[in-house]
Amino acid sequence: MFKAENNVYRVKTDGFHGELFLPVKDNYPGKVLICFSGSDGKFELSRRLAGVFQSHGLSVLALAYVMEEGLPKQFYHIPVDFLEEAAERLHGMGYEKAGLWGISKGAELALAAGSFLPGLVNAVVAVAPMNTVCQGFTMEKGISIAPGSSWSFHGKEVPYTSYGLEKFPLRHVLWKSIRAGELTMYDLYLPLVQNPDPAAVIQVEKITGPVLLISSKMDTMWPSELAAEQIMKRLQEHNFPYFCQHLSYDYGGHLFVPMDLRLANFFKGDRWKNKKPGREARMDSLMKILDFISQW
């Protein structure tokens, strides 16, 4: 349906960093999905995800918001404006509806951006989500806590919930991870989910379109299932007028992506006896996402 003159976009020329994947046959005319990864920051993961959705007949913009040319190198004051530029471009190309798919830190971004950009964002899929905007962090020499929010919007810092710490608790995280047999920062993020700064809670009720939340009960990286429950509660309390659903799976880890990914093996939910049911759960989520997209 659409033909892009150039399917590669860069910050210097276009205001955002992305690549548009167009299907051979468009099974979702008028709709496009913007997908992006989490705190790994890798654009390649976004591109691979875009390829998965493209193979099912969906137009997808793989988006980078960190660690690429013209973008911030740390998760600190990252402008949501990059996503705004991308959504505006896609609507300008003729797409009537633009949705977001984000995982982990990207899910936090997807929900926040959806609340900031009514009309431009028409649906949100948040995988392993967070219910509050979190304090930023840097990874120049290990992991350090940044003195402010992860995000900014139109030049202003987005309110955030603080970790309440001066330094990143590396020893505690390592000790917990060794005992758990997988990387976990659950203890670090649990207080943020349970007692967020009221000003930093993501105002998901402002999203102008349906919301799909996906979590795993075996996610020990951070409390995404609890966060999703908090998000659903807020939507219900505000009489959210659009469809909303939380899919909570028994298997699968934090990297709950609808494709085979080696990194997923770092988490117990996708390892050993959980490998097969974890993969089945993740692939089931793909079908649920496509059904969600067909109806938004």
# chains A, B, ... in the order shown; residues from 1 in each chain; ligands from 1
>>> select_by_dssp(residues="region 103-263 of chain A", states="strand (DSSP E or B)", output="number ranges by chain")
A: 103, 118, 121, 123-127, 132, 134-138, 144-149, 151-153, 156-157, 161, 201, 211-216, 244-249
>>> residues_around(residues="Lys31 (chain A)", least_positions_apart="2", cutoff="8 Å", atoms="only C-alpha atoms", output="compact mmCIF listing (two decimals) with N, CA, C and O atoms, in the first residue's frame")
# COMPACT_ATOMS: atom_id res chain seq x y z
N TYR A 28 -2.48 -5.59 7.18
CA TYR A 28 -3.03 -4.65 8.16
C TYR A 28 -3.00 -3.25 7.56
O TYR A 28 -2.29 -2.36 8.04
N PRO A 29 -3.76 -3.03 6.49
CA PRO A 29 -3.72 -1.75 5.78
C PRO A 29 -4.05 -0.57 6.69
O PRO A 29 -4.96 -0.62 7.52
N LEU A 33 3.44 -0.42 13.07
CA LEU A 33 3.92 -0.65 14.42
C LEU A 33 5.35 -0.11 14.55
O LEU A 33 6.19 -0.36 13.69
N LEU A 58 2.77 -7.07 8.33
CA LEU A 58 2.59 -5.80 9.02
C LEU A 58 3.73 -4.84 8.69
O LEU A 58 4.89 -5.24 8.61
N SER A 59 3.40 -3.57 8.48
CA SER A 59 4.42 -2.54 8.30
C SER A 59 4.99 -2.19 9.66
O SER A 59 4.24 -1.95 10.62
N TYR A 95 -0.27 6.49 7.00
CA TYR A 95 -0.74 5.50 7.97
C TYR A 95 -1.75 6.15 8.91
O TYR A 95 -1.47 7.18 9.52
N GLU A 96 -2.91 5.54 9.03
CA GLU A 96 -3.96 6.12 9.86
C GLU A 96 -3.71 5.83 11.34
O GLU A 96 -4.08 6.63 12.20
N LYS A 97 -3.11 4.67 11.62
CA LYS A 97 -2.89 4.28 13.02
C LYS A 97 -1.45 3.80 13.21
O LYS A 97 -0.97 2.96 12.46
N ALA A 98 -0.81 4.36 14.24
CA ALA A 98 0.56 3.98 14.58
C ALA A 98 0.58 3.48 16.01
O ALA A 98 0.18 4.18 16.94
N GLY A 99 1.04 2.24 16.18
CA GLY A 99 1.12 1.65 17.51
C GLY A 99 2.56 1.49 17.95
O GLY A 99 3.49 1.58 17.14
>>> closest_atom_pairs(of="region 145-179 of chain A", to="region 79-82 of chain A", cutoff="7 Å", atoms="only C-alpha atoms", output="Markdown table")
| residue | atom | partner | partner_atom | distance |
| --- | --- | --- | --- | --- |
| A:Trp151 | CA | A:Pro79 | CA | 5.8 |
| A:Ser152 | CA | A:Pro79 | CA | 4.7 |
| A:Phe153 | CA | A:Val80 | CA | 5.3 |
| A:His154 | CA | A:Asp81 | CA | 6.5 |
>>> write_last_selection(atoms="N, CA and C atoms", output="PDB file, in the first residue's frame")
ATOM      1  N   TRP A 151      13.967   9.921  31.080  1.00  0.00           N
ATOM      2  CA  TRP A 151      13.390  10.534  29.890  1.00  0.00           C
ATOM      3  C   TRP A 151      13.229  12.042  30.024  1.00  0.00           C
ATOM      4  N   SER A 152      13.172  12.693  28.883  1.00  0.00           N
ATOM      5  CA  SER A 152      12.797  14.107  28.806  1.00  0.00           C
ATOM      6  C   SER A 152      11.780  14.245  27.681  1.00  0.00           C
ATOM      7  N   PHE A 153      11.036  15.332  27.686  1.00  0.00           N
ATOM      8  CA  PHE A 153      10.043  15.568  26.636  1.00  0.00           C
ATOM      9  C   PHE A 153       9.932  17.062  26.393  1.00  0.00           C
ATOM     10  N   HIS A 154      10.190  17.463  25.157  1.00  0.00           N
ATOM     11  CA  HIS A 154      10.165  18.876  24.769  1.00  0.00           C
ATOM     12  C   HIS A 154      11.085  19.711  25.666  1.00  0.00           C
TER      13      HIS A 154
END
>>> residues_around(residues="region 282-296 of chain A", least_positions_apart="4", cutoff="7 Å", atoms="only C-alpha atoms", output="ChimeraX atom specification")
/A:28,210,252,256-259,278
>>> residues_around(residues="Asn274 (chain A)", least_positions_apart="4", cutoff="10 Å", atoms="only C-alpha atoms", output="list in words")
Met218, Asp250, Tyr251, Gly252, Gly253, Asn265, Phe267, Lys268, Gly269, Asp270, Gly278, Arg279 and Glu280 of chain A
>>> write_last_selection(atoms="C-alpha atoms", output="PDB file, in the first residue's frame")
ATOM      1  CA  MET A 218       9.041 -16.067  35.963  1.00  0.00           C
ATOM      2  CA  ASP A 250       3.572 -18.985  33.526  1.00  0.00           C
ATOM      3  CA  TYR A 251       6.801 -19.458  31.578  1.00  0.00           C
ATOM      4  CA  GLY A 252       9.311 -17.314  29.732  1.00  0.00           C
ATOM      5  CA  GLY A 253      11.791 -14.866  31.224  1.00  0.00           C
ATOM      6  CA  ASN A 265      18.768 -18.329  27.937  1.00  0.00           C
ATOM      7  CA  PHE A 267      16.875 -16.366  32.402  1.00  0.00           C
ATOM      8  CA  LYS A 268      15.444 -19.504  34.015  1.00  0.00           C
ATOM      9  CA  GLY A 269      12.058 -18.973  32.412  1.00  0.00           C
ATOM     10  CA  ASP A 270      13.608 -19.933  29.059  1.00  0.00           C
ATOM     11  CA  GLY A 278       8.921 -20.712  27.578  1.00  0.00           C
ATOM     12  CA  ARG A 279       9.270 -20.677  23.814  1.00  0.00           C
ATOM     13  CA  GLU A 280       5.653 -21.760  23.376  1.00  0.00           C
TER      14      GLU A 280
END
>>> closest_residue(among="A:Pro196, A:Ser177, A:Tyr186, A:Glu140", to="Thr161 (chain A)", atoms="only C-alpha atoms")
A:Pro196
>>> select_by_dssp(residues="region 6-245 of chain A", states="alpha helix (DSSP H)", output="PyMOL selection string")
chain A and resi 11-14+43-54+81-92+105-116+170-180+186-194+224-237
>>> closest_residue(among="A:Val204, A:Leu261, A:Val211, A:Val60", to="Arg234 (chain A)", atoms="only C-alpha atoms")
A:Val204
>>> closest_residue(among="A:Gly181, A:Gly119, A:Pro147, A:Gly70", to="Asp14 (chain A)", atoms="only C-alpha atoms")
A:Gly70
>>> residues_around(residues="Phe43 (chain A)", least_positions_apart="6", cutoff="9 Å", atoms="only C-alpha atoms", output="list in words")
Gly18, Phe36, Ser37, Ala62, Leu63, Ala64, Tyr65, Val66, Met67 and Glu68 of chain A
>>> residues_around(residues="Leu20 (chain A)", least_positions_apart="6", cutoff="10 Å", atoms="only C-alpha atoms", output="ChimeraX atom specification")
/A:4,6-9,32-34,47,50-51,54,59-63,90
>>> write_last_selection(atoms="all heavy atoms", output="short mmCIF file (atom, residue, chain, number, x, y, z; two decimals), in the first residue's frame")
data_model
loop_
_atom_site.label_atom_id
_atom_site.label_comp_id
_atom_site.auth_asym_id
_atom_site.auth_seq_id
_atom_site.Cartn_x
_atom_site.Cartn_y
_atom_site.Cartn_z
N ALA A 4 8.01 3.69 0.44
CA ALA A 4 8.88 4.69 1.05
C ALA A 4 10.00 5.02 0.09
O ALA A 4 10.62 4.14 -0.48
CB ALA A 4 9.45 4.15 2.36
N ASN A 6 12.76 6.25 0.93
CA ASN A 6 13.96 5.81 1.62
C ASN A 6 13.53 5.23 2.95
O ASN A 6 12.94 5.91 3.76
CB ASN A 6 14.92 6.99 1.83
CG ASN A 6 16.22 6.54 2.45
OD1 ASN A 6 16.40 5.36 2.74
ND2 ASN A 6 17.14 7.46 2.64
N ASN A 7 13.79 3.93 3.15
CA ASN A 7 13.28 3.31 4.37
C ASN A 7 14.27 3.38 5.53
O ASN A 7 14.06 2.77 6.56
CB ASN A 7 12.88 1.86 4.11
CG ASN A 7 14.08 0.97 3.82
OD1 ASN A 7 15.19 1.45 3.59
ND2 ASN A 7 13.86 -0.33 3.83
N VAL A 8 15.34 4.12 5.37
CA VAL A 8 16.31 4.32 6.44
C VAL A 8 16.26 5.77 6.89
O VAL A 8 16.32 6.68 6.07
CB VAL A 8 17.73 3.94 5.98
CG1 VAL A 8 18.76 4.25 7.07
CG2 VAL A 8 17.79 2.46 5.60
N TYR A 9 16.17 5.98 8.21
CA TYR A 9 16.03 7.32 8.75
C TYR A 9 17.11 7.57 9.80
O TYR A 9 17.44 6.69 10.58
CB TYR A 9 14.64 7.49 9.38
CG TYR A 9 13.52 7.16 8.42
CD1 TYR A 9 12.99 5.86 8.36
CD2 TYR A 9 13.00 8.13 7.58
CE1 TYR A 9 11.97 5.55 7.47
CE2 TYR A 9 11.97 7.82 6.69
CZ TYR A 9 11.47 6.54 6.63
OH TYR A 9 10.47 6.23 5.75
N VAL A 32 0.61 0.71 11.28
CA VAL A 32 2.05 0.52 11.34
C VAL A 32 2.46 0.40 12.81
O VAL A 32 1.86 1.03 13.68
CB VAL A 32 2.80 1.70 10.66
CG1 VAL A 32 2.51 3.01 11.37
CG2 VAL A 32 4.29 1.43 10.60
N LEU A 33 3.44 -0.42 13.07
CA LEU A 33 3.92 -0.65 14.42
C LEU A 33 5.35 -0.11 14.55
O LEU A 33 6.19 -0.36 13.69
CB LEU A 33 3.91 -2.15 14.74
CG LEU A 33 4.18 -2.56 16.19
CD1 LEU A 33 3.03 -2.11 17.10
CD2 LEU A 33 4.36 -4.07 16.29
N ILE A 34 5.60 0.66 15.60
CA ILE A 34 6.95 1.13 15.91
C ILE A 34 7.47 0.25 17.04
O ILE A 34 6.86 0.19 18.10
CB ILE A 34 6.95 2.60 16.36
CG1 ILE A 34 6.27 3.49 15.32
CG2 ILE A 34 8.37 3.08 16.63
CD1 ILE A 34 6.08 4.93 15.79
N ARG A 47 15.43 -4.40 14.87
CA ARG A 47 15.35 -4.78 13.46
C ARG A 47 14.88 -6.22 13.31
O ARG A 47 14.07 -6.54 12.43
CB ARG A 47 16.69 -4.59 12.77
CG ARG A 47 17.13 -3.12 12.66
CD ARG A 47 18.44 -2.97 11.91
NE ARG A 47 18.25 -3.17 10.47
CZ ARG A 47 18.55 -4.28 9.81
NH1 ARG A 47 19.08 -5.31 10.45
NH2 ARG A 47 18.35 -4.37 8.51
N ALA A 50 11.23 -6.33 14.02
CA ALA A 50 10.50 -5.77 12.89
C ALA A 50 10.35 -6.80 11.78
O ALA A 50 9.31 -6.91 11.14
CB ALA A 50 11.21 -4.52 12.37
N GLY A 51 11.42 -7.58 11.57
CA GLY A 51 11.37 -8.62 10.55
C GLY A 51 10.33 -9.68 10.85
O GLY A 51 9.66 -10.21 9.94
N GLN A 54 6.97 -8.08 10.15
CA GLN A 54 6.89 -7.88 8.70
C GLN A 54 6.51 -9.18 8.00
O GLN A 54 5.71 -9.17 7.05
CB GLN A 54 8.23 -7.37 8.17
CG GLN A 54 8.27 -7.19 6.66
CD GLN A 54 9.70 -7.08 6.14
OE1 GLN A 54 10.60 -7.76 6.65
NE2 GLN A 54 9.91 -6.22 5.16
N SER A 59 3.40 -3.57 8.48
CA SER A 59 4.42 -2.54 8.30
C SER A 59 4.99 -2.19 9.66
O SER A 59 4.24 -1.95 10.62
CB SER A 59 3.81 -1.29 7.66
OG SER A 59 3.33 -1.56 6.37
N VAL A 60 6.32 -2.15 9.76
CA VAL A 60 6.97 -1.94 11.06
C VAL A 60 8.14 -0.97 10.93
O VAL A 60 8.97 -1.12 10.03
CB VAL A 60 7.49 -3.26 11.66
CG1 VAL A 60 7.93 -3.05 13.10
CG2 VAL A 60 6.45 -4.36 11.58
N LEU A 61 8.22 -0.02 11.84
CA LEU A 61 9.38 0.84 11.93
C LEU A 61 10.21 0.38 13.12
O LEU A 61 9.77 0.47 14.27
CB LEU A 61 8.98 2.30 12.13
CG LEU A 61 10.17 3.26 12.31
CD1 LEU A 61 10.92 3.45 11.00
CD2 LEU A 61 9.72 4.60 12.87
N ALA A 62 11.41 -0.14 12.85
CA ALA A 62 12.35 -0.46 13.92
C ALA A 62 12.99 0.86 14.35
O ALA A 62 13.52 1.59 13.52
CB ALA A 62 13.41 -1.44 13.43
N LEU A 63 12.91 1.16 15.63
CA LEU A 63 13.37 2.46 16.13
C LEU A 63 14.48 2.28 17.15
O LEU A 63 14.44 1.38 17.99
CB LEU A 63 12.20 3.21 16.77
CG LEU A 63 12.50 4.61 17.30
CD1 LEU A 63 12.55 5.60 16.15
CD2 LEU A 63 11.45 5.04 18.33
N LEU A 90 5.26 8.84 10.09
CA LEU A 90 4.44 7.72 9.62
C LEU A 90 3.02 8.16 9.31
O LEU A 90 2.44 7.76 8.30
CB LEU A 90 4.44 6.60 10.66
CG LEU A 90 5.78 5.90 10.85
CD1 LEU A 90 5.76 5.01 12.08
CD2 LEU A 90 6.15 5.08 9.61
#
>>> residues_around(residues="Phe116 (chain A)", least_positions_apart="2", cutoff="10 Å", atoms="only C-alpha atoms", output="list in words")
Val80, Asp81, Glu84, Ala110, Leu111, Ala112, Ala113, Gly114, Pro118, Gly119, Leu120, Val121, Phe153, Ile202, Gln203, Val204, Lys206 and Ile207 of chain A
